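Asks: Sharing final28.tsv, TSV, C-alpha atoms:
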```tsv
chain	number	residue	atom	x	y	z
A	415	MET	CA	-1.59	-0.21	-5.40
A	416	THR	CA	-1.60	3.22	-3.83
A	417	TRP	CA	-0.64	6.64	-5.12
A	418	GLY	CA	0.44	8.91	-2.34
A	419	ILE	CA	-1.28	12.02	-1.14
A	420	TYR	CA	-3.83	13.66	-3.44
A	421	TRP	CA	-3.26	17.39	-2.99
A	422	MET	CA	-5.63	20.32	-3.32
A	423	PHE	CA	-3.98	23.74	-3.55
A	424	TYR	CA	-5.49	26.98	-2.28
A	425	HIS	CA	-4.90	30.71	-2.00
A	426	CYS	CA	-6.34	32.56	0.97
A	427	PRO	CA	-8.78	35.25	-0.22
A	428	ASP	CA	-8.00	37.36	2.84
A	429	CYS	CA	-4.26	37.21	3.44
A	430	GLY	CA	-3.05	35.67	0.17
A	431	LYS	CA	-1.29	32.75	1.83
A	432	LYS	CA	-0.65	29.68	-0.32
A	433	PHE	CA	-1.59	26.42	1.32
A	434	LYS	CA	-2.51	22.83	0.46
A	435	SER	CA	-4.61	20.05	1.96
A	436	GLY	CA	-4.23	16.31	1.40
A	437	ALA	CA	-7.37	14.41	0.44
A	438	ASP	CA	-6.49	11.84	3.10
A	439	MET	CA	-7.30	14.55	5.65
A	440	ILE	CA	-10.61	15.55	4.16
A	441	THR	CA	-12.44	14.81	7.40
A	442	GLU	CA	-10.36	17.37	9.32
A	443	PRO	CA	-11.84	20.81	10.08
A	444	THR	CA	-8.61	22.44	8.88
A	445	PHE	CA	-9.06	21.03	5.37
A	446	GLY	CA	-9.10	23.83	2.78
A	447	ARG	CA	-8.89	26.58	5.39
A	448	CYS	CA	-6.10	29.11	5.69
A	449	PRO	CA	-3.71	28.13	8.50
A	450	VAL	CA	-3.19	31.81	9.30
A	451	CYS	CA	-6.67	33.39	9.29
A	452	ASN	CA	-8.92	30.30	8.97
A	453	ALA	CA	-10.66	31.69	5.89
A	454	GLU	CA	-11.98	29.19	3.38
A	455	GLY	CA	-9.42	28.94	0.61
A	456	VAL	CA	-9.90	29.49	-3.09
A	457	LEU	CA	-9.05	26.30	-4.95
A	458	ILE	CA	-6.43	26.98	-7.61
A	459	GLY	CA	-5.31	23.46	-8.52
A	460	GLU	CA	-5.08	19.84	-7.50
A	461	SER	CA	-3.00	16.77	-8.21
A	462	LYS	CA	-4.79	15.91	-11.44
A	463	GLU	CA	-4.84	19.40	-12.97
A	464	GLY	CA	-3.53	22.85	-12.24
A	465	TYR	CA	-0.64	21.51	-10.17
A	466	PRO	CA	1.30	24.67	-9.32
A	467	ALA	CA	4.90	25.00	-10.40
A	468	ASP	CA	5.74	26.36	-6.96
A	469	ALA	CA	3.95	23.55	-5.10
A	470	GLU	CA	6.73	23.36	-2.54
A	471	ASP	CA	5.85	26.86	-1.36
A	472	TYR	CA	2.38	25.76	-0.24
A	473	GLU	CA	1.99	25.07	3.45
A	474	ASP	CA	0.36	21.79	4.45
A	475	THR	CA	-2.71	22.43	6.59
A	476	ALA	CA	-2.41	19.09	8.35
A	477	GLU	CA	-1.23	19.29	11.91
A	478	TYR	CA	-0.05	15.66	11.94
B	1281	MET	CA	-3.99	-12.64	20.28
B	1282	SER	CA	-0.62	-13.62	18.83
B	1283	LYS	CA	2.29	-11.60	20.14
B	1284	LYS	CA	3.86	-11.46	16.71
B	1285	THR	CA	3.35	-8.59	14.32
B	1286	ILE	CA	4.15	-8.97	10.65
B	1287	ILE	CA	5.88	-6.08	8.89
B	1288	THR	CA	5.23	-5.87	5.16
B	1289	VAL	CA	7.40	-3.50	3.19
B	1290	ALA	CA	5.95	-1.99	0.02
B	1291	THR	CA	9.16	-0.76	-1.53
B	1292	THR	CA	8.18	0.96	-4.74
B	1293	GLY	CA	4.54	1.11	-5.77
B	1294	ALA	CA	3.40	2.45	-9.09
B	1295	TRP	CA	3.53	6.18	-8.56
B	1296	PRO	CA	6.53	7.72	-6.74
B	1297	LYS	CA	9.50	8.59	-8.89
B	1298	LYS	CA	13.02	9.77	-8.15
B	1299	GLU	CA	11.79	13.35	-8.42
B	1300	ASN	CA	9.41	12.66	-5.53
B	1301	ASN	CA	12.10	10.92	-3.53
B	1302	PRO	CA	15.50	9.97	-4.98
B	1303	ASN	CA	15.64	6.97	-2.65
B	1304	VAL	CA	12.71	5.09	-4.19
B	1305	PRO	CA	14.06	1.80	-5.63
B	1306	MET	CA	13.00	1.52	-9.28
B	1307	THR	CA	15.08	-1.05	-11.15
B	1308	PRO	CA	15.15	-4.80	-10.49
B	1309	ALA	CA	18.65	-4.44	-9.04
B	1310	GLU	CA	17.60	-1.60	-6.74
B	1311	ILE	CA	14.41	-3.32	-5.66
B	1312	SER	CA	16.05	-6.67	-4.96
B	1313	GLU	CA	18.78	-5.05	-2.84
B	1314	ASP	CA	16.19	-2.99	-1.01
B	1315	VAL	CA	14.12	-6.07	-0.23
B	1316	TYR	CA	17.19	-7.76	1.19
B	1317	ALA	CA	18.02	-4.76	3.38
B	1318	CYS	CA	14.44	-4.55	4.62
B	1319	TRP	CA	14.42	-8.27	5.42
B	1320	LYS	CA	17.50	-7.78	7.56
B	1321	ALA	CA	15.72	-4.92	9.33
B	1322	GLY	CA	12.68	-7.05	10.17
B	1323	ALA	CA	10.33	-7.16	7.20
B	1324	ALA	CA	8.72	-10.57	6.74
B	1325	VAL	CA	6.80	-9.75	3.56
B	1326	ALA	CA	7.78	-7.70	0.52
B	1327	HIS	CA	4.99	-6.29	-1.63
B	1328	LEU	CA	6.51	-5.54	-5.01
B	1329	HIS	CA	5.68	-3.37	-7.99
B	1330	MET	CA	7.82	-3.02	-11.08
B	1331	ARG	CA	8.72	-0.02	-13.22
B	1332	ASP	CA	9.52	0.19	-16.90
B	1333	ASP	CA	12.68	1.87	-18.16
B	1334	ASN	CA	10.95	5.26	-18.00
B	1335	GLY	CA	9.98	4.75	-14.38
B	1336	ASN	CA	6.31	4.09	-15.04
B	1337	GLY	CA	4.38	1.24	-13.44
B	1338	THR	CA	4.44	-1.97	-15.45
B	1339	MET	CA	3.18	-5.51	-15.14
B	1340	SER	CA	6.11	-6.82	-17.20
B	1341	ALA	CA	6.73	-10.42	-16.21
B	1342	ASP	CA	10.33	-9.90	-17.30
B	1343	LYS	CA	10.87	-7.22	-14.67
B	1344	PHE	CA	9.29	-9.34	-11.93
B	1345	ARG	CA	11.38	-12.34	-12.99
B	1346	GLU	CA	14.61	-10.34	-13.05
B	1347	THR	CA	13.95	-8.92	-9.59
B	1348	VAL	CA	13.09	-12.26	-8.02
B	1349	GLU	CA	16.06	-13.96	-9.66
B	1350	LEU	CA	18.46	-11.26	-8.50
B	1351	LEU	CA	17.21	-11.57	-4.95
B	1352	ARG	CA	17.52	-15.35	-4.95
B	1353	LYS	CA	20.90	-15.35	-6.66
B	1354	ASN	CA	22.57	-12.62	-4.62
B	1355	HIS	CA	20.93	-13.38	-1.28
B	1356	PRO	CA	19.92	-17.04	-1.12
B	1357	GLU	CA	19.60	-16.84	2.66
B	1358	CYS	CA	16.80	-14.27	2.38
B	1359	ASP	CA	13.56	-16.11	3.16
B	1360	ILE	CA	11.25	-13.10	2.94
B	1361	ILE	CA	7.73	-13.79	1.68
B	1362	LEU	CA	7.20	-12.29	-1.76
B	1363	ASN	CA	3.87	-10.63	-2.43
B	1364	LEU	CA	3.69	-9.51	-6.06
B	1365	THR	CA	1.16	-6.95	-7.13
B	1366	THR	CA	-1.51	-7.64	-9.72
B	1367	SER	CA	-2.29	-3.92	-10.02
B	1368	GLY	CA	0.84	-2.17	-11.17
B	1369	ASP	CA	-0.45	-0.50	-14.33
B	1370	LEU	CA	-3.95	0.79	-14.94
B	1371	ASN	CA	-3.64	-0.09	-18.64
B	1372	ALA	CA	-2.56	-3.69	-18.12
B	1373	THR	CA	-4.77	-6.48	-19.41
B	1374	ASP	CA	-6.36	-9.16	-17.27
B	1375	GLU	CA	-3.77	-11.54	-18.68
B	1376	THR	CA	-0.68	-9.45	-17.97
B	1377	ARG	CA	-1.91	-8.82	-14.45
B	1378	GLN	CA	-1.58	-12.56	-13.76
B	1379	MET	CA	1.18	-13.90	-15.98
B	1380	HIS	CA	3.96	-13.28	-13.44
B	1381	LEU	CA	2.01	-15.16	-10.75
B	1382	LYS	CA	1.63	-18.18	-12.98
B	1383	GLU	CA	5.29	-18.20	-13.88
B	1384	LEU	CA	6.96	-17.23	-10.62
B	1385	ARG	CA	4.48	-18.70	-8.10
B	1386	PRO	CA	5.13	-16.20	-5.30
B	1387	GLU	CA	3.71	-17.08	-1.93
B	1388	MET	CA	1.35	-14.10	-2.06
B	1389	GLY	CA	-0.19	-11.71	-4.56
B	1390	SER	CA	-2.43	-8.69	-4.21
B	1391	TYR	CA	-6.16	-8.99	-4.88
B	1392	ASP	CA	-7.93	-5.64	-5.17
B	1393	CYS	CA	-11.46	-6.55	-4.25
B	1394	GLY	CA	-13.45	-3.97	-6.19
B	1395	SER	CA	-13.25	-1.07	-8.61
B	1396	MET	CA	-12.95	2.59	-7.75
B	1397	ASN	CA	-12.26	6.02	-9.14
B	1398	TRP	CA	-8.56	6.71	-9.32
B	1399	LEU	CA	-7.14	10.07	-8.33
B	1400	HIS	CA	-10.44	11.75	-9.12
B	1401	SER	CA	-9.53	11.38	-12.77
B	1402	GLY	CA	-9.64	7.78	-13.95
B	1403	LEU	CA	-10.82	4.28	-13.19
B	1404	PHE	CA	-9.17	1.46	-11.29
B	1405	ILE	CA	-11.03	-1.46	-12.79
B	1406	ASN	CA	-11.30	-4.84	-11.14
B	1407	HIS	CA	-14.11	-6.39	-13.15
B	1408	PRO	CA	-16.05	-9.24	-11.53
B	1409	LYS	CA	-14.91	-11.51	-14.35
B	1410	PHE	CA	-11.28	-10.68	-13.56
B	1411	LEU	CA	-11.70	-11.17	-9.83
B	1412	GLU	CA	-13.34	-14.56	-10.29
B	1413	GLU	CA	-10.64	-15.69	-12.67
B	1414	LEU	CA	-7.83	-14.34	-10.51
B	1415	GLY	CA	-9.20	-15.92	-7.33
B	1416	LYS	CA	-9.48	-19.33	-8.94
B	1417	ASN	CA	-6.07	-19.06	-10.57
B	1418	MET	CA	-4.40	-18.03	-7.32
B	1419	GLN	CA	-5.85	-21.11	-5.64
B	1420	GLU	CA	-4.60	-23.32	-8.47
B	1421	TRP	CA	-1.15	-21.72	-8.47
B	1422	GLY	CA	-0.76	-21.76	-4.68
B	1423	VAL	CA	-0.59	-17.98	-4.37
B	1424	LYS	CA	-2.33	-16.60	-1.28
B	1425	PRO	CA	-4.37	-13.48	-2.06
B	1426	GLU	CA	-3.74	-10.41	0.00
B	1427	ILE	CA	-7.12	-8.74	-0.25
B	1428	GLU	CA	-6.62	-5.02	-0.59
B	1429	ALA	CA	-9.71	-3.24	0.72
B	1430	PHE	CA	-9.94	0.48	0.08
B	1431	ASP	CA	-13.37	0.73	1.70
B	1432	PRO	CA	-15.76	-1.52	3.64
B	1433	GLY	CA	-17.65	-2.50	0.49
B	1434	MET	CA	-14.58	-4.34	-0.72
B	1435	ILE	CA	-14.67	-6.46	2.43
B	1436	ALA	CA	-18.26	-7.36	1.65
B	1437	ASN	CA	-17.18	-8.23	-1.87
B	1438	ALA	CA	-14.52	-10.57	-0.45
B	1439	ALA	CA	-17.22	-12.25	1.65
B	1440	TYR	CA	-19.22	-12.82	-1.53
B	1441	TYR	CA	-16.25	-14.44	-3.25
B	1442	LEU	CA	-15.61	-16.53	-0.16
B	1443	LYS	CA	-19.18	-17.86	-0.32
B	1444	LYS	CA	-18.74	-18.64	-4.01
B	1445	GLY	CA	-15.46	-20.48	-3.48
B	1446	VAL	CA	-13.47	-17.98	-5.51
B	1447	LEU	CA	-11.54	-17.18	-2.35
B	1448	LYS	CA	-10.61	-19.68	0.31
B	1449	ALA	CA	-10.57	-19.09	4.08
B	1450	PRO	CA	-8.76	-17.94	6.06
B	1451	LEU	CA	-8.53	-14.66	4.20
B	1452	HIS	CA	-5.85	-12.06	4.71
B	1453	PHE	CA	-6.78	-8.41	4.27
B	1454	GLN	CA	-4.76	-5.30	3.68
B	1455	PHE	CA	-6.79	-2.26	4.74
B	1456	CYS	CA	-5.65	0.61	2.52
B	1457	MET	CA	-6.47	3.75	4.48
B	1458	GLY	CA	-6.31	7.36	3.36
B	1459	CYS	CA	-6.15	6.82	-0.41
B	1460	ALA	CA	-7.99	9.33	-2.58
B	1461	ASN	CA	-11.51	7.95	-3.16
B	1462	GLY	CA	-11.01	5.35	-0.44
B	1463	ILE	CA	-11.86	5.37	3.25
B	1464	PRO	CA	-10.02	8.16	5.10
B	1465	GLY	CA	-7.29	7.09	7.48
B	1466	SER	CA	-8.41	7.40	11.08
B	1467	MET	CA	-8.66	5.17	14.12
B	1468	LYS	CA	-12.45	5.30	13.98
B	1469	ASN	CA	-12.39	4.06	10.40
B	1470	LEU	CA	-9.78	1.41	11.12
B	1471	VAL	CA	-11.93	0.00	13.90
B	1472	PHE	CA	-14.90	0.01	11.53
B	1473	MET	CA	-12.93	-1.85	8.86
B	1474	LYS	CA	-11.83	-4.49	11.34
B	1475	GLU	CA	-15.33	-4.90	12.75
B	1476	THR	CA	-16.72	-5.25	9.25
B	1477	MET	CA	-14.13	-7.92	8.49
B	1478	ASP	CA	-14.84	-9.77	11.75
B	1479	GLN	CA	-18.55	-9.75	10.99
B	1480	LEU	CA	-18.37	-10.77	7.33
B	1481	CYS	CA	-15.20	-12.88	7.18
B	1482	PRO	CA	-14.57	-14.16	10.71
B	1483	GLY	CA	-11.21	-15.77	11.31
B	1484	SER	CA	-9.41	-13.56	8.82
B	1485	THR	CA	-6.06	-11.93	9.46
B	1486	TRP	CA	-5.41	-8.30	8.61
B	1487	SER	CA	-2.76	-5.72	8.02
B	1488	THR	CA	-3.04	-2.03	7.29
B	1489	PHE	CA	-1.30	1.19	6.38
B	1490	GLY	CA	-2.19	4.86	6.13
B	1491	VAL	CA	-1.20	6.89	3.12
B	1492	GLY	CA	0.22	10.30	3.89
B	1493	HIS	CA	-0.71	12.06	7.09
B	1494	SER	CA	-2.44	9.13	8.75
B	1495	ALA	CA	0.56	6.80	8.47
B	1496	MET	CA	1.58	6.98	12.10
B	1497	GLU	CA	-1.92	6.89	13.54
B	1498	ILE	CA	-2.78	3.81	11.53
B	1499	MET	CA	0.51	2.08	12.28
B	1500	TYR	CA	0.25	2.53	16.04
B	1501	GLY	CA	-3.44	1.71	15.97
B	1502	ALA	CA	-2.83	-1.53	14.12
B	1503	ILE	CA	-0.18	-2.61	16.59
B	1504	ALA	CA	-2.48	-1.86	19.51
B	1505	MET	CA	-5.39	-3.72	17.88
B	1506	GLY	CA	-3.32	-6.81	17.17
B	1507	GLY	CA	-3.13	-6.35	13.43
B	1508	HIS	CA	-0.15	-6.38	11.14
B	1509	ILE	CA	1.41	-3.41	9.43
B	1510	ARG	CA	2.68	-2.28	6.06
B	1511	VAL	CA	5.23	0.46	5.56
B	1512	GLY	CA	7.32	1.76	2.69
B	1513	MET	CA	7.64	4.26	-0.08
B	1514	GLU	CA	4.75	2.90	-2.11
B	1515	ASP	CA	2.50	4.57	0.45
B	1516	ASN	CA	4.66	7.37	1.84
B	1517	VAL	CA	7.73	9.09	0.45
B	1518	MET	CA	7.93	11.30	3.55
B	1519	TYR	CA	9.32	9.89	6.79
B	1520	ALA	CA	7.81	12.75	8.76
B	1521	LYS	CA	6.42	16.17	8.00
B	1522	GLY	CA	8.96	17.98	5.82
B	1523	GLN	CA	11.41	15.05	5.90
B	1524	LEU	CA	11.93	12.80	2.90
B	1525	ALA	CA	12.47	9.14	3.71
B	1526	GLU	CA	16.08	8.06	3.43
B	1527	SER	CA	15.18	4.47	2.62
B	1528	ASN	CA	12.58	1.79	3.06
B	1529	VAL	CA	14.79	0.36	5.79
B	1530	GLN	CA	14.16	3.53	7.76
B	1531	PHE	CA	10.43	2.78	7.74
B	1532	VAL	CA	10.93	-0.88	8.66
B	1533	GLU	CA	13.25	0.00	11.52
B	1534	ARG	CA	10.73	2.47	12.93
B	1535	ALA	CA	7.95	-0.10	12.67
B	1536	ALA	CA	10.08	-2.69	14.44
B	1537	ARG	CA	10.88	-0.22	17.22
B	1538	ALA	CA	7.20	0.60	17.66
B	1539	ILE	CA	6.24	-3.07	17.82
B	1540	ARG	CA	8.88	-3.84	20.43
B	1541	GLU	CA	8.16	-0.75	22.51
B	1542	PHE	CA	4.52	-1.81	22.62
B	1543	GLY	CA	5.56	-5.18	24.03
B	1544	ARG	CA	4.98	-7.28	20.95
B	1545	GLU	CA	7.50	-9.06	18.75
B	1546	VAL	CA	8.41	-8.68	15.10
B	1547	ALA	CA	7.40	-11.80	13.18
B	1548	THR	CA	10.06	-13.59	11.20
B	1549	PRO	CA	9.13	-14.79	7.71
B	1550	ASP	CA	8.52	-18.32	9.00
B	1551	GLU	CA	6.37	-16.99	11.84
B	1552	ALA	CA	4.47	-14.92	9.29
B	1553	ARG	CA	3.94	-18.06	7.22
B	1554	GLU	CA	2.41	-19.75	10.22
B	1555	ILE	CA	0.14	-16.78	10.95
B	1556	LEU	CA	-0.95	-16.49	7.31
B	1557	GLY	CA	-1.29	-20.21	6.70
B	1558	LEU	CA	1.36	-20.35	4.02
B	1559	LYS	CA	3.30	-23.43	3.04
B	1560	LYS	CA	6.96	-22.68	2.43
```
Will you turn the file into structure tokens for me?

Replies:
Amino acid sequence: MTWGIYWMFYHCPDCGKKFKSGADMITEPTFGRCPVCNAEGVLIGESKEGYPADAEDYEDTAEY
Amino acid sequence: MSKKTIITVATTGAWPKKENNPNVPMTPAEISEDVYACWKAGAAVAHLHMRDDNGNGTMSADKFRETVELLRKNHPECDIILNLTTSGDLNATDETRQMHLKELRPEMGSYDCGSMNWLHSGLFINHPKFLEELGKNMQEWGVKPEIEAFDPGMIANAAYYLKKGVLKAPLHFQFCMGCANGIPGSMKNLVFMKETMDQLCPGSTWSTFGVGHSAMEIMYGAIAMGGHIRVGMEDNVMYAKGQLAESNVQFVERAARAIREFGREVATPDEAREILGLKK
């Protein structure tokens, strides 16, 4: 049994960008950091609670 | 090293719904047709979960029975190996997690070899009492366990059950990489999982998949390391970044291409039976 990507959603405190990081990429240095200015994001929600209604607008920080 | 690579397709799982991807098969009719299409594309094993009428994961023996019967009735030539989950609903009882195995006697069933936190919010319980009972029952019913290991400790747990006789060698593992609360999906971790298995349970076979972003890395890594691979919408509803999967067949076809491009061959169901030590 698996359950897909566990998301953590962030706002950038510097530029305001909305972005998300998948828990499967938690070892990556880009995890939780703004893809534009590299600032550490402010956590605003995650898969279990606070899932944003506009989740599709959040950019994935994974580079694949 | 055998030149054959087994493709397992995990069509449905317990979590993705049509709102996540409209192409996820949910009903017995959809799942059975999807299994058939994936078999034609090269899948040798189908790992199946069921959904209730609201789309939630269920261990309903009726749903499993209906799916298997539809597949056998509509496509009698399909010799795919059926691997039925025992972990399709976190609220299922120890009994309902096994009833369908007893009745339907699939060639394989999943065996989640330890408990863990689930989605940072709940518990995925596999009590020692349940694992001992399930292991013994699967031996009695002729169902080969596919040991799902979400971290190296679960491999050690399998070694313990092997020593106790609850599990019987040769074991077959499914390394579940990149799940929340499990081992992250990376080549380094995949190598560590395999080395742990080789040390603790030598002679075992193994397959793997990466949830989410690590899907491709783990798939290619497994092919290169001589393992087997699992694909499908249980683990990934995205085919690539920003691209929803069109079907499970799409995943199977990509896996088959990767295997052949590497210079290996896609195992047929009968070849998979030989590799896994199954009796048809």

Asks: Go through chain A and flag each residue having an atom no more than 7 Å from chain B; for those, report the closest pair of atoms plus their distance in Å to one decimal, using only C-alpha atoms, ordered by chain and rising number, as a tab-separated table.

Replies:
```
residue	atom	partner	partner_atom	distance
A:Met415	CA	B:Ser1367	CA	6.0
A:Thr416	CA	B:Asp1515	CA	6.1
A:Trp417	CA	B:Trp1295	CA	5.4
A:Gly418	CA	B:Asp1515	CA	5.6
A:Ile419	CA	B:Gly1492	CA	5.5
A:Tyr420	CA	B:Ala1460	CA	6.1
A:Ala437	CA	B:Ala1460	CA	5.9
A:Asp438	CA	B:Gly1458	CA	4.5
A:Met439	CA	B:Pro1464	CA	7.0
A:Lys462	CA	B:Ser1401	CA	6.7
A:Tyr478	CA	B:His1493	CA	6.1
```

Asks: Would you list the contacts of stretch 1482-1484 of chain B as number ranges by chain, taking every protein, DNA or RNA residue within 6 Å and counting only C-alpha atoms, but skipping same-chain residues closer than 2 positions in sequence?

Replies: B: 1450-1452, 1478-1479

Asks: Any idea what's packed within 7 Å of A:Trp421, counting all atoms listed in the file, ignoring anything in its chain fewer than 6 positions away? Could you give it as a list of chain:residue names?

Replies: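 The residues satisfying every condition are A:Lys434, A:Ser435, A:Gly436, A:Ala437, A:Glu460, A:Ser461.
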
Asks: At what distance in Å, to one decimal, does atom CA of B:Ile1503 lie from atom CA of B:Ala1535?

Replies: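 Rounded to one decimal, the two atoms are 9.4 Å apart.
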
Asks: Taking the point (-2.4, 27.9, 1.8) as given in the file, collect each protein or nucleic acid residue that comes within 6 Å of it, counting only C-alpha atoms, and present the set as a list of chain:residue names.

Replies: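 Output of the proximity query reads A:Tyr424, A:His425, A:Lys431, A:Lys432, A:Phe433, A:Lys434, A:Cys448, A:Tyr472, A:Glu473.
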
Asks: Calculate how many Å separate atom CA of B:Gln1378 from atom CA of B:Phe1455, rounding to one decimal.

Replies: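 Distance reported for this atom pair: 21.8 Å.
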
Asks: Kindly give the distance, in Å, that separates atom CA of B:Phe1489 and atom CA of B:Phe1453, rounded to a single decimal.

Replies: 11.3 Å

Asks: Starting from the point (-10.9, 22.7, 2.0), work out which residues of protein, DNA or RNA have an atom no more than 8 Å away when counting all atoms listed in the file; state them as an MDAnalysis selection string.

Replies: chainID A and resid 422 435 440 444:447 454:455

Asks: Find the residue from B:Lys1416, B:His1407, B:Met1339, B:Ala1538 that sits nearest to B:Met1379; use only C-alpha atoms when measuring.

Replies: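 Under the stated criterion, the closest residue is B:Met1339.
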